[in-house]
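J.: Please read through the structure below; I'll follow up with questions.
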Amino acid sequence: MTTPGLTSKDYRDRKVIGLDDDPVVQMLMPSPQSGPVIVASHHMLLAEGDVILELGKPLCVVFRRVGPDQSAEDWRMSVRLVLDMIKNCSDIEIELACLAEDARQELIGITGKQFALLPAPRRSREPAFDAVWLPENRRIDLPDIGTNMNDVSVNWARLVNRLRIVIARDSPPDCSDIASFAAGGGELTVELNGPAPILVIIPNGIGLGHVTRQLAVSRHLRAKGFLVRFWCYSQAAKLIEANGFEVLVRQTAKHLRTDETRWILNETEELASYLWRSGTRTVVQDADRISPAVARAFQNPKVGDVSVALVRRGMWRPGQNIGWRDTEQVCDLVLEPSDLALEADVGATKMAAPENRGFSNLVRVAPTVLSGRDEMLPRETARREIGLSEQERYCLVSLGADTLVSHTGSALLIKEAARVANVKLVWLVSPLAGNFTQLKSGDHMLRSFPASHLLNAFDGLISAAGYNSFHEALILTDLPVLFVPNQHPNLDDQFRRARFAQEQGWAELMEAGPNSTHGSLNRFFDNVTRDERFTRIVEKCDGAIEMAELIAGLAAKRQVDREET
């Protein structure tokens, strides 16, 4: 029996034949295979026999025992049918194999044939955690660390390198054989000289937060000798390329105006194939969570044992992203750049999760900015680059989120207060923004990414309270700062972040109410005109360096040779 339309050409270059969700296929397929083509289940040969035999290649057929939802009678019949099928194939060398010694003894007793034990999958490291597989519940428990995971969430090629798997009692024989095969502990693979590529995945974010963080991290990784590429859904691809990184530009379903489900299936295959062929062994995604297409790609047999790091900030709005821990089960490492306003964070990442997932290690690093103080231009040089007069006072205005939020009301109030204070405004416009409608003739507009190296040119900063702008203002400068938080529901909790800075005496907060707005504006511009400077007690270490060290540690373990399977 064959699948309609399937031909031997579909299997011609395959060294392991089986279903993608079969743990045995996942454990075998990424490793270089020599010798016969492995048919990972005799059921597969029964279903696709004509096509597989048409290959004319030596085969190793793995006979599986009774699995879930299968009767002993049906299993015995499947064994007889496959043996009948291959006994007439004298022109093809066919080896019979099993996953475990128990299976081998049972099949010898039933058939009178000789069966070999399939060599256990190779490992790139020794497992770190004990785990109990409960196939009836589709779950793997990790009692040592008090977590669990869905048994189909992570490629088994990854599991055998991280978990010492035992099977729950009374599990089907085939599941017992899979666990035994996974625990067999083939010899460790030989590492390559030099680091394998790292792929950084950038989602279709509204602003430049994801891009800014990962450029900061990737610069340090590049300095360590790693080849870093970007798989980018953002419109900021050209900004990444301008920093000297290779970018694989991707389109979302929304960009393409296509069906989301179909797009996820296609993107899953595209990403899995890229990881396989490029030899990429470490993936970093900067997002609230691992996206569906990326998570599914990690389950593809072609991907094998890829290390995964998720970078996600805190300060989420209360009630948002409740299921945030679900995708952590596909991660080795979860990195959270700390927030100077961490004490004010009441979002999901600060709340107790209903259930811990997987074996990932959560590390909170120092706050992260793209540029350091040593990269900032002196005042005179920065003013010359922008074209500002030495005699005037200037404030940089960066309200952000141009595609989501109208800044008309805030801009008018800021302009009037600046006019009264005799302070000039320079409006920072995102490279991703269209025409900035608040500007009129005579207004000074600055388009620069990054702009942090120019901050010394100004006497004050007026800024939204997104992660990057907030931390750049407070860490890199001692200038008066006025935060104008964007409060769109799709953005982070900018109001609580800005209010915390106000309570610490670090900045002024421009709220929605007219009285508090006028008061904060007046205080801010008074500080600007008096040339006030602020000493802020903030963390001095660089979270980007810390993240690069941790990601490099993951990547250093992944120097495994790959051969197309």
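How things are named: the first chain in the structure tokens is A, the next is B, and so on; residues count from 1 in each chain; ligands count from 1 in the order shown.
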Please report, as a VMD selection string, each residue of range 60-210 of chain A to which DSSP assigns strand (DSSP E or B) when run on this structure's backbone.
T.: chain A and resid 60 to 62 94 to 98 116 to 117 123 129 to 134 139 to 142 147 to 150 163 to 167 188 191 198 to 202
J.: Determine, using only C-alpha atoms, which residues of range 292-356 of chain A have any atom at most 12 Å from an atom of range 255-270 of chain A, and tabulate each with its shortest atom pair and distance in Å to one decimal place, rows ordered by chain and then rising number, as a Markdown table.
T.:
| residue | atom | partner | partner_atom | distance |
| --- | --- | --- | --- | --- |
| A:Pro292 | CA | A:Ile264 | CA | 7.1 |
| A:Ala293 | CA | A:Thr268 | CA | 4.8 |
| A:Val294 | CA | A:Thr268 | CA | 6.3 |
| A:Ala295 | CA | A:Thr268 | CA | 8.2 |
| A:Arg296 | CA | A:Thr268 | CA | 6.0 |
| A:Ala297 | CA | A:Thr268 | CA | 4.7 |
| A:Phe298 | CA | A:Thr268 | CA | 8.5 |
| A:Gln299 | CA | A:Thr268 | CA | 9.4 |
| A:Asn300 | CA | A:Glu269 | CA | 8.0 |
| A:Pro301 | CA | A:Glu269 | CA | 10.8 |
| A:Lys302 | CA | A:Glu269 | CA | 9.6 |
| A:Val303 | CA | A:Glu269 | CA | 10.2 |
J.: Go through range 24-56 of chain A and flag each residue having an atom no more than 9 Å from range 304-320 of chain A; for those, report the closest pair of atoms plus their distance in Å to one decimal, using only C-alpha atoms, ordered by chain and rising number, as CSV.
T.:
residue,atom,partner,partner_atom,distance
A:Gln26,CA,A:Gly304,CA,6.7
A:Met27,CA,A:Gly304,CA,7.4
A:Leu28,CA,A:Gly304,CA,8.7
A:Met29,CA,A:Gly304,CA,7.4
A:Pro30,CA,A:Gly304,CA,5.1
A:Ser31,CA,A:Gly304,CA,8.0
J.: Given the selection you just returned, output its residues as a file containing N, CA, C and O atoms, formatted as a PDB file, in the first residue's frame.
T.:
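Output (part20.pdb):
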ATOM      1  N   GLN A  26      13.327  10.789  15.082  1.00  0.00           N
ATOM      2  CA  GLN A  26      13.963  12.011  15.574  1.00  0.00           C
ATOM      3  C   GLN A  26      15.340  11.729  16.169  1.00  0.00           C
ATOM      4  O   GLN A  26      16.273  12.525  15.998  1.00  0.00           O
ATOM      5  N   MET A  27      15.479  10.611  16.860  1.00  0.00           N
ATOM      6  CA  MET A  27      16.775  10.293  17.464  1.00  0.00           C
ATOM      7  C   MET A  27      17.815   9.891  16.414  1.00  0.00           C
ATOM      8  O   MET A  27      19.009  10.126  16.584  1.00  0.00           O
ATOM      9  N   LEU A  28      17.372   9.280  15.321  1.00  0.00           N
ATOM     10  CA  LEU A  28      18.306   8.758  14.327  1.00  0.00           C
ATOM     11  C   LEU A  28      18.635   9.740  13.223  1.00  0.00           C
ATOM     12  O   LEU A  28      19.767   9.807  12.753  1.00  0.00           O
ATOM     13  N   MET A  29      17.648  10.516  12.826  1.00  0.00           N
ATOM     14  CA  MET A  29      17.772  11.216  11.554  1.00  0.00           C
ATOM     15  C   MET A  29      18.865  12.279  11.514  1.00  0.00           C
ATOM     16  O   MET A  29      19.555  12.407  10.510  1.00  0.00           O
ATOM     17  N   PRO A  30      19.082  13.068  12.576  1.00  0.00           N
ATOM     18  CA  PRO A  30      20.094  14.119  12.440  1.00  0.00           C
ATOM     19  C   PRO A  30      21.519  13.603  12.373  1.00  0.00           C
ATOM     20  O   PRO A  30      22.410  14.296  11.893  1.00  0.00           O
ATOM     21  N   SER A  31      21.789  12.400  12.863  1.00  0.00           N
ATOM     22  CA  SER A  31      23.154  11.897  12.908  1.00  0.00           C
ATOM     23  C   SER A  31      23.552  11.317  11.561  1.00  0.00           C
ATOM     24  O   SER A  31      22.729  10.738  10.852  1.00  0.00           O
TER      25      SER A  31
END
J.: What are the closest atom pairs, with distances in Å to one decimal, for each residue of range 254-346 of chain A lying within 12 Å of range 226-243 of chain A, using only C-alpha atoms, rows by chain and rising residue number, as a Markdown table?
T.:
| residue | atom | partner | partner_atom | distance |
| --- | --- | --- | --- | --- |
| A:Lys254 | CA | A:Tyr233 | CA | 10.8 |
| A:His255 | CA | A:Tyr233 | CA | 9.3 |
| A:Leu256 | CA | A:Tyr233 | CA | 11.6 |
| A:Glu267 | CA | A:Trp231 | CA | 11.3 |
| A:Glu270 | CA | A:Trp231 | CA | 11.1 |
| A:Leu271 | CA | A:Trp231 | CA | 8.9 |
| A:Tyr274 | CA | A:Trp231 | CA | 10.1 |
| A:Leu275 | CA | A:Trp231 | CA | 10.8 |
| A:Ser278 | CA | A:Arg229 | CA | 10.6 |
| A:Gly279 | CA | A:Leu227 | CA | 11.3 |
| A:Thr280 | CA | A:Arg229 | CA | 9.6 |
| A:Arg281 | CA | A:Val228 | CA | 11.3 |
| A:Thr282 | CA | A:Val228 | CA | 9.8 |
| A:Val283 | CA | A:Arg229 | CA | 9.8 |
| A:Val284 | CA | A:Phe230 | CA | 9.4 |
| A:Gln285 | CA | A:Trp231 | CA | 9.3 |
| A:Asp286 | CA | A:Cys232 | CA | 10.7 |
| A:Ala287 | CA | A:Tyr233 | CA | 11.7 |
| A:Ser291 | CA | A:Tyr233 | CA | 11.7 |
| A:Val294 | CA | A:Trp231 | CA | 10.7 |
J.: Considering only C-alpha atoms, return as a ChimeraX atom specification whatever protein or nucleic-acid residues lie within 10 Å of Ala417 in chain A, sequence-local ones (same chain, fewer than 6 positions apart) excluded.
T.: /A:411,423,518,521-522,524-525
J.: Store the residues picked out above in a file with N, CA, C and O atoms, as a tab-separated table (two decimals), in the first residue's frame.
T.:
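This is the output file part01.tsv:
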chain	number	residue	atom	x	y	z
A	411	ALA	N	2.33	66.08	21.91
A	411	ALA	CA	3.26	66.90	21.14
A	411	ALA	C	2.91	68.38	21.25
A	411	ALA	O	3.80	69.24	21.39
A	423	VAL	N	13.33	76.68	24.85
A	423	VAL	CA	14.12	75.47	24.60
A	423	VAL	C	13.73	74.92	23.23
A	423	VAL	O	12.54	74.80	22.92
A	518	HIS	N	0.86	69.50	33.28
A	518	HIS	CA	1.46	70.83	33.29
A	518	HIS	C	2.52	70.93	34.37
A	518	HIS	O	3.57	71.54	34.17
A	521	LEU	N	5.65	69.01	33.20
A	521	LEU	CA	6.31	69.73	32.11
A	521	LEU	C	7.08	70.93	32.63
A	521	LEU	O	8.22	71.17	32.24
A	522	ASN	N	6.44	71.68	33.53
A	522	ASN	CA	7.10	72.87	34.07
A	522	ASN	C	8.35	72.50	34.86
A	522	ASN	O	9.40	73.15	34.74
A	524	PHE	N	10.17	69.82	34.55
A	524	PHE	CA	11.18	69.32	33.63
A	524	PHE	C	11.92	70.47	32.95
A	524	PHE	O	13.16	70.51	32.93
A	525	PHE	N	11.17	71.42	32.36
A	525	PHE	CA	11.83	72.50	31.64
A	525	PHE	C	12.57	73.45	32.57
A	525	PHE	O	13.57	74.07	32.18
J.: Please, what distance in Å, to one decimal, runs between CA of Ile145 in chain A and CA of Ala131 in chain A?
T.: 9.7 Å
J.: Can you tell me how far CA of Pro480 in chain A sits from CA of Ala507 in chain A, in Å to one decimal?
T.: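 If I compute the distance from CA of Pro480 in chain A to CA of Ala507 in chain A, I get 6.6 Å.
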J.: May I ask which of the residues A:Asp20, A:Asp74, A:Asp84, A:Glu380 is the closest one to Val152 in chain A, counting only C-alpha atoms?
T.: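 Closest to Val152 in chain A of all the choices is A:Asp20.
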J.: Would you work out the distance separating CA of Leu117 in chain A from CA of Trp276 in chain A, expressed in Å to one decimal?
T.: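 Spanning CA of Leu117 in chain A to CA of Trp276 in chain A is a straight-line distance of 27.5 Å.
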J.: Which residues come within 7 Å of Arg162 in chain A, counting only C-alpha atoms, excluding same-chain residues fewer than 6 positions away, as a list in words?
T.: Glu126, Pro127, Ala128 and Phe129 of chain A
J.: If we count only C-alpha atoms and set the cut-off at 12 Å, which residues sit around Glu390 in chain A, ignoring sequence neighbours fewer than 6 positions away in its own chain? Please answer as a ChimeraX atom specification.
T.: /A:379-384,424,457-459
J.: In terms of the shortest atom-to-atom distance over only C-alpha atoms, which of A:Asn422, A:Gln251, A:Ser410, A:Ser338 is closest to Glu546 in chain A?
T.: A:Ser338
